[in-house]
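Structure data (compact mmCIF, C-alpha atoms) from final_26.txt:
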# COMPACT_ATOMS: atom_id res chain seq x y z
CA MET A 277 37.16 -25.83 -14.70
CA PRO A 278 39.59 -26.73 -17.51
CA LYS A 279 39.44 -30.38 -18.54
CA ASP A 280 42.36 -32.68 -17.62
CA VAL A 281 43.81 -30.17 -15.13
CA PRO A 282 44.01 -31.32 -11.48
CA HIS A 283 41.66 -29.34 -9.29
CA VAL A 284 41.11 -28.46 -5.64
CA SER A 285 37.70 -27.52 -4.30
CA ASP A 286 38.38 -27.12 -0.56
CA ILE A 287 40.76 -24.15 -0.56
CA SER A 288 38.85 -20.95 0.18
CA ILE A 289 39.81 -17.33 -0.45
CA ALA A 290 39.75 -16.87 3.34
CA MET A 291 42.32 -19.66 3.76
CA LEU A 292 44.57 -18.09 1.13
CA THR A 293 44.20 -14.65 2.68
CA ASP A 294 44.95 -15.79 6.21
CA ASP A 295 47.91 -18.08 5.45
CA PRO A 296 48.42 -19.16 1.83
CA TYR A 297 51.55 -21.25 2.37
CA PRO A 298 49.91 -24.55 3.46
CA CYS A 299 47.58 -24.16 0.46
CA PHE A 300 50.55 -23.47 -1.82
CA ASP A 301 52.29 -26.58 -0.49
CA ARG A 302 49.28 -28.72 -1.38
CA VAL A 303 49.09 -27.27 -4.88
CA ARG A 304 52.85 -27.59 -5.43
CA ASP A 305 52.82 -31.24 -4.39
CA ARG A 306 49.87 -31.96 -6.68
CA ALA A 307 50.94 -30.73 -10.12
CA SER A 308 52.55 -27.96 -12.17
CA ALA A 309 49.17 -26.24 -12.52
CA VAL A 310 46.12 -26.88 -10.35
CA TRP A 311 42.65 -25.41 -10.79
CA VAL A 312 41.49 -23.87 -7.48
CA ASP A 313 37.74 -23.41 -7.51
CA SER A 314 37.58 -20.37 -5.21
CA ALA A 315 40.22 -18.44 -7.16
CA ARG A 316 38.86 -19.51 -10.56
CA LEU A 317 42.44 -19.92 -11.75
CA ASN A 318 45.01 -22.59 -12.44
CA LEU A 319 47.60 -21.83 -9.77
CA VAL A 320 51.27 -22.34 -10.65
CA THR A 321 53.47 -22.59 -7.56
CA ARG A 322 56.78 -24.22 -8.55
CA PHE A 323 59.86 -22.03 -9.10
CA ASP A 324 61.05 -23.84 -12.24
CA ASP A 325 57.59 -23.81 -13.83
CA ILE A 326 57.30 -20.06 -13.31
CA MET A 327 60.72 -19.52 -14.87
CA GLU A 328 59.55 -21.61 -17.84
CA ILE A 329 56.48 -19.40 -18.17
CA GLU A 330 58.52 -16.19 -18.03
CA ARG A 331 60.89 -17.49 -20.71
CA ASN A 332 57.98 -18.22 -23.06
CA HIS A 333 55.69 -15.21 -22.97
CA HIS A 334 54.41 -16.01 -26.48
CA ILE A 335 52.77 -19.10 -25.00
CA PHE A 336 52.02 -17.65 -21.56
CA ALA A 337 50.89 -14.12 -22.32
CA SER A 338 50.45 -11.06 -20.14
CA THR A 339 47.95 -9.72 -22.66
CA ASN A 340 44.61 -10.85 -21.30
CA PRO A 341 41.18 -9.39 -22.11
CA GLN A 342 39.73 -11.11 -19.03
CA SER A 343 42.23 -9.55 -16.61
CA LEU A 344 40.82 -7.89 -13.51
CA MET A 345 43.64 -5.36 -13.83
CA ASN A 346 42.22 -4.18 -17.15
CA THR A 347 38.80 -3.76 -15.57
CA VAL A 348 40.06 -1.91 -12.49
CA MET A 349 42.92 0.17 -13.88
CA GLY A 350 42.65 0.20 -17.65
CA HIS A 351 44.92 -1.46 -20.19
CA SER A 352 48.40 -0.85 -18.77
CA LEU A 353 51.85 -2.11 -19.72
CA MET A 354 51.41 -4.93 -17.21
CA ARG A 355 48.85 -6.57 -19.50
CA LYS A 356 50.77 -6.09 -22.75
CA ASP A 357 53.59 -8.01 -24.41
CA ASP A 358 56.34 -7.46 -26.96
CA GLU A 359 56.46 -4.04 -28.66
CA ALA A 360 53.32 -2.68 -26.98
CA HIS A 361 54.81 -3.45 -23.58
CA GLN A 362 58.23 -2.08 -24.45
CA ILE A 363 56.82 1.22 -25.71
CA GLU A 364 55.09 1.92 -22.41
CA ARG A 365 57.93 0.61 -20.27
CA LYS A 366 60.44 2.88 -22.03
CA ALA A 367 58.14 5.81 -21.33
CA ILE A 368 58.59 5.41 -17.54
CA GLU A 369 62.22 4.21 -17.47
CA PRO A 370 63.85 7.69 -17.27
CA SER A 371 62.44 8.11 -13.75
CA PHE A 372 63.68 4.68 -12.61
CA ARG A 373 67.29 4.90 -13.77
CA PRO A 374 69.70 4.16 -10.90
CA GLY A 375 71.44 7.52 -11.24
CA VAL A 376 68.15 9.43 -11.13
CA VAL A 377 66.95 7.45 -8.12
CA LYS A 378 70.19 7.88 -6.19
CA GLN A 379 70.84 11.53 -7.02
CA HIS A 380 67.32 12.99 -7.17
CA PHE A 381 64.91 10.78 -5.25
CA ALA A 382 67.08 9.22 -2.51
CA PRO A 383 67.65 12.57 -0.76
CA ILE A 384 63.89 13.17 -0.85
CA PHE A 385 63.25 9.72 0.63
CA SER A 386 65.76 10.49 3.41
CA VAL A 387 63.95 13.69 4.36
CA ILE A 388 60.61 11.86 4.45
CA VAL A 389 62.02 9.15 6.73
CA ASP A 390 63.65 11.63 9.09
CA GLU A 391 60.49 13.74 9.39
CA LEU A 392 58.36 10.68 10.17
CA LEU A 393 60.84 9.46 12.77
CA ASP A 394 61.01 12.94 14.31
CA GLY A 395 57.26 12.70 14.82
CA ILE A 396 57.28 9.36 16.68
CA ALA A 397 60.73 9.04 18.32
CA ALA A 398 59.62 10.41 21.70
CA LYS A 399 56.52 8.19 21.95
CA GLY A 400 58.19 4.87 22.70
CA GLN A 401 55.47 2.85 21.03
CA ALA A 402 53.60 2.71 17.72
CA ASP A 403 52.05 0.49 15.13
CA LEU A 404 54.61 0.91 12.39
CA PHE A 405 52.07 0.24 9.65
CA ASP A 406 50.26 3.56 10.18
CA ALA A 407 53.01 5.45 11.97
CA PHE A 408 55.81 4.82 9.51
CA ALA A 409 55.60 2.35 6.61
CA ALA A 410 52.34 3.48 5.00
CA PRO A 411 53.08 7.23 5.16
CA MET A 412 56.68 6.64 4.10
CA ALA A 413 55.70 4.70 0.99
CA SER A 414 52.86 7.11 0.21
CA HIS A 415 54.89 10.32 0.53
CA ALA A 416 57.69 8.78 -1.53
CA LEU A 417 55.28 7.74 -4.27
CA ILE A 418 53.68 11.19 -4.40
CA GLU A 419 57.16 12.60 -5.07
CA LEU A 420 58.03 9.89 -7.61
CA LEU A 421 54.84 10.41 -9.56
CA GLY A 422 54.79 14.19 -9.31
CA LEU A 423 51.26 14.54 -7.93
CA ASP A 424 49.91 17.83 -6.58
CA GLY A 425 47.85 18.41 -3.43
CA VAL A 426 47.41 14.73 -2.51
CA GLY A 427 47.45 13.59 1.11
CA TRP A 428 49.29 10.40 1.96
CA GLN A 429 46.16 8.87 3.50
CA ASP A 430 44.25 9.41 0.26
CA LEU A 431 46.94 7.78 -1.84
CA ALA A 432 47.20 4.86 0.59
CA ARG A 433 43.43 4.36 0.49
CA TRP A 434 43.34 4.49 -3.30
CA SER A 435 46.24 2.07 -3.57
CA GLN A 436 44.60 -0.45 -1.26
CA ALA A 437 41.28 -0.17 -3.06
CA LEU A 438 42.93 -0.69 -6.46
CA MET A 439 44.94 -3.66 -5.21
CA ASP A 440 41.87 -5.19 -3.58
CA GLY A 441 40.05 -4.75 -6.88
CA VAL A 442 42.80 -6.42 -8.86
CA GLY A 443 42.81 -9.29 -6.38
CA ASN A 444 39.01 -9.60 -6.24
CA TYR A 445 38.86 -13.16 -7.52
CA GLY A 446 35.87 -13.81 -5.31
CA ALA A 447 33.89 -11.12 -7.26
CA ASP A 448 32.86 -9.14 -4.17
CA PRO A 449 30.74 -6.17 -5.42
CA ASP A 450 31.76 -3.89 -2.52
CA ILE A 451 35.43 -4.37 -3.38
CA ALA A 452 34.69 -3.67 -7.04
CA ASN A 453 32.85 -0.43 -6.17
CA ARG A 454 35.66 0.84 -3.93
CA ALA A 455 38.17 0.12 -6.70
CA LYS A 456 36.04 2.06 -9.20
CA ASP A 457 35.84 5.05 -6.85
CA ALA A 458 39.62 4.97 -6.35
CA SER A 459 40.22 4.75 -10.08
CA ASP A 460 38.05 7.81 -10.69
CA ALA A 461 39.86 9.74 -7.96
CA VAL A 462 43.26 8.94 -9.47
CA ASP A 463 42.06 10.16 -12.87
CA ARG A 464 41.18 13.50 -11.32
CA VAL A 465 44.59 14.03 -9.66
CA ILE A 466 46.39 13.05 -12.87
CA ASP A 467 44.35 15.59 -14.82
CA LYS A 468 45.23 18.24 -12.22
CA ALA A 469 49.00 17.56 -12.23
CA LEU A 470 49.65 16.84 -15.91
CA PRO A 471 49.64 20.43 -17.25
CA ARG A 472 52.53 21.37 -14.93
CA HIS A 473 54.64 18.45 -16.16
CA LEU A 474 53.88 19.20 -19.79
CA LYS A 475 55.25 22.72 -19.26
CA SER A 476 58.40 21.70 -17.38
CA LYS A 477 60.30 18.45 -17.86
CA ASN A 478 61.58 16.90 -14.62
CA PRO A 479 62.55 13.49 -13.13
CA THR A 480 59.03 12.49 -12.05
CA ILE A 481 57.11 9.63 -13.63
CA LEU A 482 54.29 11.85 -14.85
CA SER A 483 56.83 14.07 -16.57
CA SER A 484 58.56 11.08 -18.18
CA MET A 485 55.25 9.84 -19.56
CA ALA A 486 54.04 13.30 -20.58
CA HIS A 487 57.18 13.83 -22.68
CA ALA A 488 57.45 10.29 -24.09
CA PRO A 489 57.04 10.55 -27.87
CA THR A 490 55.64 7.02 -28.07
CA LEU A 491 52.66 7.52 -25.74
CA HIS A 492 49.45 8.72 -27.31
CA GLY A 493 46.39 9.58 -25.25
CA ILE A 494 45.56 10.15 -21.62
CA ASN A 495 44.31 6.59 -21.06
CA GLN A 496 47.80 5.12 -21.37
CA ILE A 497 49.07 7.51 -18.72
CA ARG A 498 46.10 6.90 -16.43
CA ALA A 499 46.35 3.10 -16.57
CA ASN A 500 50.08 3.03 -15.92
CA VAL A 501 49.90 5.53 -13.08
CA LYS A 502 47.31 3.29 -11.39
CA VAL A 503 49.59 0.27 -11.74
CA ILE A 504 52.41 2.27 -10.17
CA ILE A 505 50.17 3.51 -7.34
CA GLY A 506 49.35 -0.11 -6.56
CA GLY A 507 52.73 -1.80 -6.65
CA GLY A 508 54.73 1.35 -5.96
CA LEU A 509 53.05 1.86 -2.60
CA ASN A 510 52.16 -1.67 -1.60
CA GLU A 511 55.57 -3.20 -2.28
CA PRO A 512 57.89 -0.84 -0.36
CA ARG A 513 55.38 -0.48 2.51
CA ASP A 514 55.14 -4.22 2.96
CA ALA A 515 58.87 -4.78 2.42
CA ILE A 516 59.64 -2.28 5.22
CA LEU A 517 57.26 -4.03 7.59
CA THR A 518 58.36 -7.55 6.64
CA SER A 519 62.04 -6.63 7.04
CA LEU A 520 61.35 -5.31 10.53
CA HIS A 521 59.09 -8.21 11.45
CA GLY A 522 61.76 -10.68 10.35
CA LEU A 523 64.55 -8.93 12.27
CA LEU A 524 62.55 -8.28 15.44
CA SER A 525 61.43 -11.92 15.47
CA HIS A 526 65.06 -13.07 15.22
CA PRO A 527 67.17 -11.17 17.75
CA ASP A 528 70.38 -12.86 16.64
CA GLN A 529 69.90 -11.59 13.08
CA LEU A 530 68.98 -8.13 14.36
CA ALA A 531 72.21 -8.06 16.39
CA ALA A 532 74.19 -9.11 13.31
CA VAL A 533 72.69 -6.25 11.27
CA ARG A 534 73.36 -3.73 14.02
CA ALA A 535 76.98 -4.90 14.11
CA ASP A 536 77.34 -4.92 10.31
CA PRO A 537 75.04 -2.45 8.49
CA SER A 538 76.21 -3.82 5.13
CA LEU A 539 73.81 -6.70 5.82
CA HIS A 540 70.81 -4.45 5.15
CA SER A 541 70.88 -5.45 1.49
CA ALA A 542 70.56 -9.10 2.49
CA VAL A 543 67.72 -8.18 4.86
CA PHE A 544 65.76 -6.61 2.04
CA GLU A 545 66.24 -9.51 -0.39
CA GLU A 546 65.36 -12.10 2.24
CA ALA A 547 62.29 -10.16 3.37
CA VAL A 548 60.75 -9.98 -0.10
CA ARG A 549 61.54 -13.67 -0.66
CA TRP A 550 60.08 -14.70 2.70
CA VAL A 551 56.85 -12.71 2.26
CA SER A 552 56.59 -11.49 -1.33
CA PRO A 553 54.53 -8.25 -1.40
CA ILE A 554 53.18 -9.09 -4.85
CA GLY A 555 52.40 -12.74 -4.40
CA MET A 556 50.45 -13.64 -7.54
CA TYR A 557 49.88 -12.27 -11.03
CA PRO A 558 47.94 -13.74 -13.97
CA ARG A 559 48.94 -15.13 -17.34
CA ARG A 560 46.87 -16.48 -20.26
CA VAL A 561 47.68 -19.60 -22.29
CA THR A 562 47.75 -18.71 -26.01
CA CYS A 563 47.82 -22.26 -27.46
CA ASP A 564 47.48 -25.87 -26.37
CA THR A 565 50.63 -26.78 -24.46
CA THR A 566 52.03 -28.70 -21.51
CA LEU A 567 53.52 -27.18 -18.37
CA GLY A 568 55.51 -29.80 -16.52
CA GLU A 569 53.15 -32.75 -16.40
CA THR A 570 49.99 -30.67 -16.80
CA PRO A 571 48.21 -30.26 -20.17
CA LEU A 572 46.83 -26.78 -20.76
CA LYS A 573 44.41 -25.47 -23.37
CA GLU A 574 44.35 -22.23 -25.30
CA GLY A 575 42.59 -19.62 -23.20
CA ASP A 576 43.32 -21.21 -19.83
CA GLN A 577 43.92 -18.65 -17.07
CA LEU A 578 46.97 -19.09 -14.84
CA GLY A 579 47.76 -17.56 -11.46
CA ILE A 580 51.55 -17.23 -11.19
CA CYS A 581 52.19 -17.61 -7.46
CA VAL A 582 55.65 -16.14 -6.93
CA GLY A 583 54.92 -16.05 -3.20
CA ALA A 584 54.79 -19.84 -3.38
CA ALA A 585 57.80 -20.17 -5.70
CA ASN A 586 59.88 -18.13 -3.25
CA ARG A 587 59.21 -20.84 -0.67
CA ASP A 588 59.72 -23.79 -3.03
CA PRO A 589 61.78 -26.38 -1.06
CA SER A 590 63.39 -27.60 -4.27
CA ARG A 591 64.91 -24.13 -4.61
CA PHE A 592 65.41 -22.84 -1.06
CA THR A 593 66.66 -24.66 2.04
CA ARG A 594 64.28 -24.20 5.01
CA PRO A 595 62.08 -22.00 2.80
CA ASN A 596 59.66 -20.96 5.54
CA ASP A 597 62.44 -19.52 7.72
CA PHE A 598 63.58 -15.89 7.67
CA ASP A 599 67.35 -16.11 7.31
CA ILE A 600 69.46 -13.19 6.15
CA HIS A 601 72.52 -15.45 6.08
CA ARG A 602 71.18 -17.86 3.46
CA PRO A 603 73.26 -18.05 0.27
CA ARG A 604 72.31 -15.32 -2.21
CA GLN A 605 70.27 -16.74 -5.06
CA GLN A 606 67.61 -15.53 -7.44
CA HIS A 607 64.10 -15.07 -6.09
CA LEU A 608 60.95 -14.02 -7.93
CA ALA A 609 59.62 -11.23 -5.74
CA PHE A 610 60.12 -8.79 -8.64
CA GLY A 611 59.08 -11.26 -11.33
CA ALA A 612 61.32 -12.24 -14.21
CA GLY A 613 61.65 -11.80 -17.94
CA PRO A 614 60.35 -8.77 -19.86
CA HIS A 615 58.01 -7.83 -17.00
CA PHE A 616 60.71 -7.73 -14.31
CA CYS A 617 59.63 -4.91 -11.99
CA ALA A 618 60.78 -1.50 -13.24
CA GLY A 619 60.76 -0.16 -9.68
CA THR A 620 63.19 -2.71 -8.25
CA TRP A 621 66.03 -0.21 -7.86
CA VAL A 622 63.68 2.30 -6.18
CA ALA A 623 62.49 -0.32 -3.68
CA ARG A 624 66.01 -1.45 -2.86
CA GLN A 625 67.14 2.13 -2.25
CA MET A 626 64.03 3.26 -0.38
CA VAL A 627 63.68 0.22 1.86
CA GLY A 628 67.08 -1.46 2.12
CA GLU A 629 69.33 1.60 2.04
CA ILE A 630 67.24 4.31 3.70
CA ALA A 631 64.01 3.47 5.55
CA VAL A 632 64.91 0.35 7.55
CA PRO A 633 68.51 1.33 8.41
CA ARG A 634 67.51 4.82 9.61
CA LEU A 635 64.60 3.49 11.64
CA LEU A 636 66.80 0.98 13.44
CA ARG A 637 69.38 3.67 14.18
CA ARG A 638 66.84 6.14 15.55
CA LEU A 639 64.55 3.89 17.59
CA LYS A 640 66.84 2.46 20.26
CA GLY A 641 65.91 -0.89 21.76
CA LEU A 642 63.26 -1.48 19.11
CA ARG A 643 61.28 -4.62 19.87
CA LEU A 644 57.91 -6.23 19.21
CA ASP A 645 55.14 -5.34 21.63
CA SER A 646 54.52 -8.69 23.32
CA GLN A 647 51.06 -7.58 24.48
CA LYS A 648 49.86 -7.14 20.90
CA THR A 649 49.73 -9.32 17.79
CA VAL A 650 51.50 -8.86 14.47
CA GLN A 651 48.96 -9.36 11.68
CA VAL A 652 49.95 -10.53 8.19
CA ARG A 653 47.34 -11.01 5.49
CA GLY A 654 46.85 -11.58 1.79
CA TRP A 655 47.90 -13.89 -1.00
CA VAL A 656 47.62 -11.89 -4.25
CA PHE A 657 49.30 -9.10 -2.27
CA ARG A 658 50.69 -10.01 1.15
CA GLY A 659 52.29 -8.17 4.01
CA PRO A 660 51.89 -7.13 7.65
CA THR A 661 48.74 -5.10 8.25
CA SER A 662 49.81 -4.32 11.82
CA LEU A 663 53.28 -4.23 13.41
CA PRO A 664 53.02 -2.99 17.03
CA VAL A 665 56.41 -2.20 18.57
CA LEU A 666 58.07 -0.57 21.57
CA TRP A 667 61.39 1.22 21.93
CA ASP A 668 63.38 3.19 24.50
CA ALA A 669 62.18 6.79 24.11

Produce structure tokens that represent the structure in this file.
Amino acid sequence: MPKDVPHVSDISIAMLTDDPYPCFDRVRDRASAVWVDSARLNLVTRFDDIMEIERNHHIFASTNPQSLMNTVMGHSLMRKDDEAHQIERKAIEPSFRPGVVKQHFAPIFSVIVDELLDGIAAKGQADLFDAFAAPMASHALIELLGLDGVGWQDLARWSQALMDGVGNYGADPDIANRAKDASDAVDRVIDKALPRHLKSKNPTILSSMAHAPTLHGINQIRANVKVIIGGGLNEPRDAILTSLHGLLSHPDQLAAVRADPSLHSAVFEEAVRWVSPIGMYPRRVTCDTTLGETPLKEGDQLGICVGAANRDPSRFTRPNDFDIHRPRQQHLAFGAGPHFCAGTWVARQMVGEIAVPRLLRRLKGLRLDSQKTVQVRGWVFRGPTSLPVLWDA
């Protein structure tokens, strides 16, 4: 435990996984950074403190030799700063440009959504995690990346294993082994697909990286693909489910969206604020400094809890409520600063413009199944793990 930093010893990983928000409230009320024994990190939960960190990446660095992400995925752009980060970010940007997303990928996403809905529309009931959100996000990511011969269930399993590995702050060996197996499997599918993209340039992410003059070596491609498989599947999947959970739990807001489909953009932004799919990421302190009222030492490890900042009562009125009518203001679901999520435009298109609107149009009378329970879990990554619903088939 770092000296002079407030600490909490009675918050467990299980408590954070089940419902992190009461824990976040305790930490936020205590100090700008609080050492939590179970997480082995100084958690930062206040909106303004996180903005301060993102404005000063020379003091609060993404580059971190101790990062679990480096161990699980390799040294990706997410754990680099300055020129090293920019080189790798520019290598993937061609695939994420708004025009490319709207003109090339959005029609593909629409076909995926329609085919999934065709398969369940007559059933009248489903758990939308397995029946829609997970396959939707997986199929879309396979197309974005340009992978060959990969089933959506495999990609979903690999993504979950990698994300569990990155969030394995309790050092569970079974989680670490599953993450290693997933990492090896991703390496194999990259090696299979890469020759095709080297021969023919196209809008996919693998093609963009294969033809980037600044990338040198397969390990850069492998590490960054694994990062994208994690966030690029987890985030839209969970945003779809959280959007639907929020609307179906608030019939008045659902009615407003049905009457005015232009509100779908507000639904998406409120959903990722309310339950941020990527809830925490690490930073490393590069020199002795002070964050708010908390002294920090060189080498201290920080957990940047954007899931907590997005419910900071100093920033948001009634922060624990899902409210698509709240005034539009900046949230941190996609981070901030140089590491602002490159896939933001993809997620907004996929979830807010295509997946959720089409699902609500197709599944008439959509409602929560009152005989079953919605399950939401996680704190490093958080979202519904089960969303049982009924509709009028």

List as an MDAnalysis selection string the protein and nucleic acid residues near range 584-593 of chain A, meaning an atom at most 8 Å away when all atoms listed in the file are counted, but skip any in the same chain fewer than 6 places from it. chainID A and resid 297 300:301 321:323 326 549:550 552 555 607:609

Proximity to Leu636 in chain A - best of A:Pro603, A:Arg624, A:Ala397, A:Phe405, all atoms listed in the file: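 Smallest separation from Leu636 in chain A among the options: A:Ala397.
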
What does the structure give for the distance between CA of Trp667 in chain A and CA of Met412 in chain A, in Å to one decimal? 19.2 Å

Selection: 12 Å around Val310 in chain A, only C-alpha atoms, excl. self and same-chain fewer than 5 positions, as a count of residues only: 37

CA of Ala452 in chain A to CA of Thr347 in chain A: how many Å, to one decimal? 9.5 Å

Using only C-alpha atoms, which protein or nucleic acid residues come within 9 Å of Asp357 in chain A? Drop anything in the same chain fewer than 6 positions from it, and give the result as an MDAnalysis selection string. chainID A and resid 333:334 337:339 614:615

Of the candidates A:Thr649, A:Pro449, A:Gly575, A:Met327, which shows the shortest atom-to-atom distance to Arg559 in chain A, using only C-alpha atoms?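 Closest to Arg559 in chain A of all the choices is A:Gly575.
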
Report as a VMD selection string all protein, DNA and RNA residues lying within 9 Å of Ser483 in chain A, evaluated on only C-alpha atoms, omitting residues in the same chain fewer than 2 positions from it. chain A and resid 368 371 421 to 422 470 472 to 474 476 to 481 485 to 488
